[in-house]
$ cat input.tsv   # TSV, C-alpha atoms
chain	number	residue	atom	x	y	z
J	1	MET	CA	-64.40	12.40	27.60
J	2	LYS	CA	-61.45	11.11	29.60
J	3	LYS	CA	-60.73	8.56	26.87
J	4	LYS	CA	-60.65	11.26	24.19
J	5	LEU	CA	-58.41	13.45	26.34
J	6	PHE	CA	-56.13	10.47	27.04
J	7	GLY	CA	-56.00	9.64	23.28
J	8	VAL	CA	-55.13	13.23	22.35
J	9	VAL	CA	-52.37	13.37	24.99
J	10	ALA	CA	-50.96	10.01	23.81
J	11	LEU	CA	-51.02	11.20	20.18
J	12	LEU	CA	-49.30	14.43	21.18
J	13	ILE	CA	-46.56	12.52	23.06
J	14	LEU	CA	-45.99	10.19	20.08
J	15	THR	CA	-45.72	13.13	17.70
J	16	ILE	CA	-43.18	14.90	19.90
J	17	GLY	CA	-41.23	11.63	20.40
J	18	CYS	CA	-41.02	11.01	16.64
J	19	LYS	CA	-39.78	14.54	16.02
J	20	ASN	CA	-37.06	14.05	18.65
J	21	ASP	CA	-35.99	10.78	16.99
J	22	ASP	CA	-35.81	12.49	13.59
J	23	ASN	CA	-33.77	15.34	15.08
J	24	GLN	CA	-31.45	12.84	16.79
J	25	ARG	CA	-30.92	10.92	13.52
J	26	ALA	CA	-30.20	14.12	11.64
J	27	ILE	CA	-27.63	15.16	14.25
J	28	GLU	CA	-25.96	11.73	14.12
J	29	GLN	CA	-25.86	11.80	10.31
J	30	GLU	CA	-24.30	15.26	10.36
J	31	LYS	CA	-21.63	14.10	12.84
J	32	ASP	CA	-20.93	11.04	10.69
J	33	ILE	CA	-20.53	13.18	7.56
J	34	LYS	CA	-18.16	15.57	9.35
J	35	LYS	CA	-16.11	12.64	10.66
J	36	LYS	CA	-15.83	11.11	7.17
J	37	GLU	CA	-14.76	14.48	5.75
J	38	LEU	CA	-12.09	14.77	8.46
J	39	VAL	CA	-10.83	11.23	7.69
J	40	PHE	CA	-10.73	12.04	3.96
J	41	GLU	CA	-8.85	15.30	4.52
J	42	ASN	CA	-6.26	13.63	6.77
J	43	ILE	CA	-5.71	10.69	4.43
J	44	ASN	CA	-5.55	12.97	1.39
J	45	LYS	CA	-3.00	15.20	3.13
J	46	ASN	CA	-0.76	12.29	4.18
J	47	TRP	CA	-1.05	10.05	1.08
J	48	ASN	CA	2.32	11.06	-0.37
J	49	PHE	CA	4.32	8.19	-1.78
J	50	ASN	CA	7.81	8.75	-3.10
J	51	VAL	CA	9.65	6.40	-5.45
J	52	PRO	CA	13.26	7.59	-5.76
J	53	THR	CA	14.69	7.71	-9.24
J	54	LEU	CA	17.39	5.21	-10.09
J	55	ASN	CA	20.56	6.00	-11.96
J	56	PRO	CA	20.38	5.14	-15.67
J	57	GLN	CA	22.59	2.04	-15.41
J	58	THR	CA	20.39	0.55	-12.69
J	59	GLN	CA	17.29	1.48	-14.64
J	60	VAL	CA	18.58	-0.66	-17.53
J	61	LEU	CA	18.63	-3.61	-15.11
J	62	LEU	CA	14.92	-3.11	-14.42
J	63	ASN	CA	13.68	-2.17	-17.90
J	64	ASN	CA	12.18	-5.58	-18.63
J	65	TRP	CA	10.46	-5.90	-15.24
J	66	VAL	CA	6.92	-4.89	-16.19
J	67	GLU	CA	5.47	-5.51	-12.72
J	68	TRP	CA	7.89	-3.01	-11.14
J	69	ARG	CA	7.03	-0.36	-13.72
J	70	LEU	CA	3.27	-0.89	-13.17
J	71	PHE	CA	3.72	-0.74	-9.39
J	72	LYS	CA	5.67	2.54	-9.61
J	73	GLU	CA	3.08	4.10	-11.93
J	74	ASP	CA	0.22	3.04	-9.67
J	75	ILE	CA	1.78	4.23	-6.43
J	76	ASN	CA	2.62	7.62	-7.94
J	77	ARG	CA	-1.02	8.30	-8.93
J	78	LYS	CA	-2.88	9.79	-5.99
J	79	PRO	CA	-6.67	9.38	-5.77
J	80	LYS	CA	-8.55	12.61	-5.27
J	81	SER	CA	-12.29	12.11	-5.20
J	82	SER	CA	-13.32	10.17	-2.10
J	83	ILE	CA	-12.48	7.65	0.59
J	84	GLY	CA	-13.76	4.99	-1.80
J	85	ALA	CA	-11.10	6.01	-4.32
J	86	PHE	CA	-8.40	5.61	-1.65
J	87	GLN	CA	-9.83	2.20	-0.75
J	88	GLN	CA	-9.72	1.11	-4.40
J	89	LYS	CA	-6.15	2.43	-4.72
J	90	SER	CA	-5.04	0.43	-1.67
J	91	LYS	CA	-6.55	-2.75	-3.19
J	92	SER	CA	-4.82	-2.05	-6.50
J	93	LEU	CA	-1.47	-1.45	-4.79
J	94	SER	CA	-1.86	-4.65	-2.80
J	95	LYS	CA	-2.38	-6.66	-5.98
J	96	LYS	CA	0.53	-5.01	-7.78
J	97	VAL	CA	2.98	-5.50	-4.90
J	98	THR	CA	2.00	-9.18	-4.74
J	99	ASP	CA	2.71	-9.46	-8.46
J	100	LEU	CA	6.22	-8.06	-7.83
J	101	SER	CA	7.30	-11.08	-5.81
J	102	LEU	CA	5.99	-13.48	-8.44
J	103	ALA	CA	8.05	-12.10	-11.32
J	104	ILE	CA	11.46	-10.96	-10.07
J	105	PRO	CA	14.01	-10.95	-12.91
J	106	PRO	CA	16.86	-13.44	-12.37
J	107	THR	CA	19.52	-10.71	-12.49
J	108	ILE	CA	18.17	-9.14	-9.30
J	109	ALA	CA	16.50	-12.14	-7.62
J	110	THR	CA	18.68	-12.06	-4.54
J	111	THR	CA	17.61	-12.87	-1.00
J	112	ALA	CA	17.96	-9.20	-0.05
J	113	VAL	CA	15.59	-8.07	-2.83
J	114	LYS	CA	13.07	-10.80	-2.03
J	115	SER	CA	13.04	-9.91	1.66
J	116	ARG	CA	12.58	-6.20	0.94
J	117	ILE	CA	9.71	-6.98	-1.42
J	118	SER	CA	8.21	-9.18	1.30
J	119	VAL	CA	8.38	-6.31	3.82
J	120	LEU	CA	6.87	-3.90	1.30
J	121	THR	CA	4.08	-6.39	0.57
J	122	THR	CA	3.28	-6.65	4.28
J	123	GLN	CA	3.18	-2.87	4.68
J	124	ILE	CA	0.92	-2.32	1.69
J	125	LYS	CA	-1.43	-5.12	2.74
J	126	MET	CA	-1.61	-3.43	6.15
J	127	LEU	CA	-2.51	-0.18	4.40
J	128	GLU	CA	-5.25	-2.00	2.49
J	129	LEU	CA	-6.57	-3.46	5.74
J	130	TYR	CA	-6.69	-0.07	7.47
J	131	MET	CA	-8.33	1.59	4.48
J	132	ASN	CA	-11.11	-0.99	4.31
J	133	LEU	CA	-12.12	-0.96	7.96
J	134	GLN	CA	-15.49	0.52	8.94
J	135	GLN	CA	-13.74	3.18	11.03
J	136	ILE	CA	-10.52	4.05	9.19
J	137	PRO	CA	-7.66	4.63	11.67
J	138	TYR	CA	-6.15	7.55	9.78
J	139	GLU	CA	-3.46	8.04	12.43
J	140	LYS	CA	-2.12	4.57	11.61
J	141	VAL	CA	-2.32	5.32	7.88
J	142	LYS	CA	-0.40	8.55	8.53
J	143	VAL	CA	2.41	6.55	10.18
J	144	LEU	CA	2.35	3.72	7.62
J	145	VAL	CA	2.86	5.87	4.49
J	146	PRO	CA	6.39	7.02	5.48
J	147	GLU	CA	7.23	3.41	6.39
J	148	ILE	CA	6.19	2.31	2.91
J	149	ASN	CA	8.34	5.09	1.44
J	150	LEU	CA	11.30	3.77	3.47
J	151	GLY	CA	10.61	0.26	2.18
J	152	ILE	CA	10.62	1.47	-1.42
J	153	ALA	CA	13.82	3.47	-0.84
J	154	SER	CA	15.45	0.40	0.70
J	155	LEU	CA	14.46	-1.72	-2.30
J	156	ASN	CA	15.85	0.91	-4.67
J	157	ALA	CA	19.09	1.03	-2.68
J	158	GLN	CA	19.37	-2.73	-3.05
J	159	PHE	CA	18.89	-2.41	-6.83
J	160	GLU	CA	21.70	0.15	-6.87
J	161	GLU	CA	23.93	-2.18	-4.85
J	162	ILE	CA	23.32	-5.05	-7.28
J	163	ASN	CA	24.20	-2.75	-10.17
J	164	ARG	CA	27.43	-1.62	-8.45
J	165	LYS	CA	28.49	-5.22	-7.84
J	166	GLN	CA	27.82	-6.12	-11.46
J	167	GLN	CA	30.04	-3.25	-12.59
J	168	ILE	CA	33.08	-4.66	-10.75
J	169	PRO	CA	35.28	-6.48	-13.28
J	170	LEU	CA	36.19	-10.11	-12.64
J	171	GLU	CA	39.79	-10.85	-11.74
J	172	LYS	CA	41.90	-13.20	-13.79
J	173	GLY	CA	40.78	-16.77	-13.13
J	174	GLU	CA	37.72	-15.76	-11.07
J	175	SER	CA	35.25	-16.98	-13.68
J	176	ASP	CA	36.97	-20.41	-13.70
J	177	MET	CA	36.76	-20.55	-9.92
J	178	ILE	CA	33.05	-19.66	-9.98
J	179	ARG	CA	32.42	-22.41	-12.53
J	180	MET	CA	34.26	-24.90	-10.33
J	181	LEU	CA	32.03	-23.98	-7.39
J	182	ASP	CA	28.90	-24.60	-9.44
J	183	THR	CA	27.46	-27.87	-8.10
J	184	ALA	CA	25.24	-28.28	-11.13
J	185	ARG	CA	28.22	-28.97	-13.34
J	186	ALA	CA	29.80	-31.46	-10.96
J	187	ILE	CA	31.01	-34.66	-12.57
J	188	PRO	CA	28.59	-37.48	-11.87
J	189	GLY	CA	30.24	-40.16	-9.77
J	190	GLY	CA	29.80	-43.77	-10.48
J	191	SER	CA	32.29	-45.29	-12.93
J	192	GLU	CA	35.21	-46.85	-11.07
$ encode --input "input.tsv" --output "structure tokens"
Amino acid sequence: MKKKLFGVVALLILTIGCKNDDNQRAIEQEKDIKKKELVFENINKNWNFNVPTLNPQTQVLLNNWVEWRLFKEDINRKPKSSIGAFQQKSKSLSKKVTDLSLAIPPTIATTAVKSRISVLTTQIKMLELYMNLQQIPYEKVKVLVPEINLGIASLNAQFEEINRKQQIPLEKGESDMIRMLDTARAIPGGSE
């Protein structure tokens, strides 16, 4: 009789314990879902990239740079459906910004442009890193988006500066002086 009573009590304790575990899991899942929704809402609210428009003369300079056009199109399209969509967008942006540095047109391939693209690449790769962590630090993403916007604005300002410098007419004899400074056309030494 004692064994039966002990068995019934043990079975009753196990049943209650399992129900508590199920309740605990359900509560944890609900908290996790709410946290993910909060992260999505915050990222969606702060994911606002801005690519300033260039003046038409500067735009002509960049017309043949396909990678820049693709980057601008991609960064202007905002994902809407889920955190996964934002993660995919950050990977896509990371690839496109890397492609920028590999195909800079010679007319704008200055040290200033290359360094600004390098900074922009670092910022976007940081965004990709944050977006693909298990726990997304949305506060850091919130701070990083305006920094990326500043990087893009700085790059655009550099494009404008290059265009302004190209619009300045050469002075009389300046082209001859530039040719003389060109070390590639130096006369080979040797015949004495």
$ atom_distance --input "input.tsv" --atom1 "CA of Glu128 in chain J" --atom2 "CA of Ile108 in chain J"
27.2 Å
$ residues_near_point --input "input.tsv" --point "(-5.4, 5.5, -1.5)" --cutoff "9 Å" --atoms "all atoms listed in the file" --output "mmCIF file with C-alpha atoms, in the coordinates of the input"
data_model
loop_
_atom_site.group_PDB
_atom_site.id
_atom_site.type_symbol
_atom_site.label_atom_id
_atom_site.label_comp_id
_atom_site.auth_asym_id
_atom_site.auth_seq_id
_atom_site.Cartn_x
_atom_site.Cartn_y
_atom_site.Cartn_z
ATOM 1 C CA ILE J 43 -5.710 10.690 4.430
ATOM 2 C CA ASN J 44 -5.550 12.970 1.390
ATOM 3 C CA TRP J 47 -1.050 10.050 1.080
ATOM 4 C CA ILE J 75 1.780 4.230 -6.430
ATOM 5 C CA LYS J 78 -2.880 9.790 -5.990
ATOM 6 C CA PRO J 79 -6.670 9.380 -5.770
ATOM 7 C CA LYS J 80 -8.550 12.610 -5.270
ATOM 8 C CA ILE J 83 -12.480 7.650 0.590
ATOM 9 C CA GLY J 84 -13.760 4.990 -1.800
ATOM 10 C CA ALA J 85 -11.100 6.010 -4.320
ATOM 11 C CA PHE J 86 -8.400 5.610 -1.650
ATOM 12 C CA GLN J 87 -9.830 2.200 -0.750
ATOM 13 C CA GLN J 88 -9.720 1.110 -4.400
ATOM 14 C CA LYS J 89 -6.150 2.430 -4.720
ATOM 15 C CA SER J 90 -5.040 0.430 -1.670
ATOM 16 C CA LYS J 91 -6.550 -2.750 -3.190
ATOM 17 C CA LEU J 93 -1.470 -1.450 -4.790
ATOM 18 C CA LEU J 127 -2.510 -0.180 4.400
ATOM 19 C CA GLU J 128 -5.250 -2.000 2.490
ATOM 20 C CA MET J 131 -8.330 1.590 4.480
#
$ residues_around --input "input.tsv" --residues "range 143-152 of chain J" --least-positions-apart "6" --cutoff "8 Å" --atoms "only C-alpha atoms" --output "VMD selection string"
chain J and resid 46 to 52 116 119 to 120 123 to 124 127
$ closest_residue --input "input.tsv" --among "J:Ile136, J:Leu62, J:Ala112, J:Ile117" --to "Leu38 in chain J" --atoms "all atoms listed in the file"
J:Ile136
$ residues_around --input "input.tsv" --residues "Ala109 in chain J" --least-positions-apart "3" --cutoff "12 Å" --atoms "all atoms listed in the file" --output "list in words"
Leu61, Leu62, Trp65, Leu100, Ser101, Leu102, Ala103, Ile104, Pro105, Pro106, Ala112, Val113, Lys114, Ser115, Arg116, Ile117, Leu155, Gln158, Phe159 and Ile162 of chain J
$ atom_distance --input "input.tsv" --atom1 "CA of Ser94 in chain J" --atom2 "CA of Asp74 in chain J"
10.5 Å
$ atom_distance --input "input.tsv" --atom1 "CA of Glu67 in chain J" --atom2 "CA of Thr98 in chain J"
9.4 Å
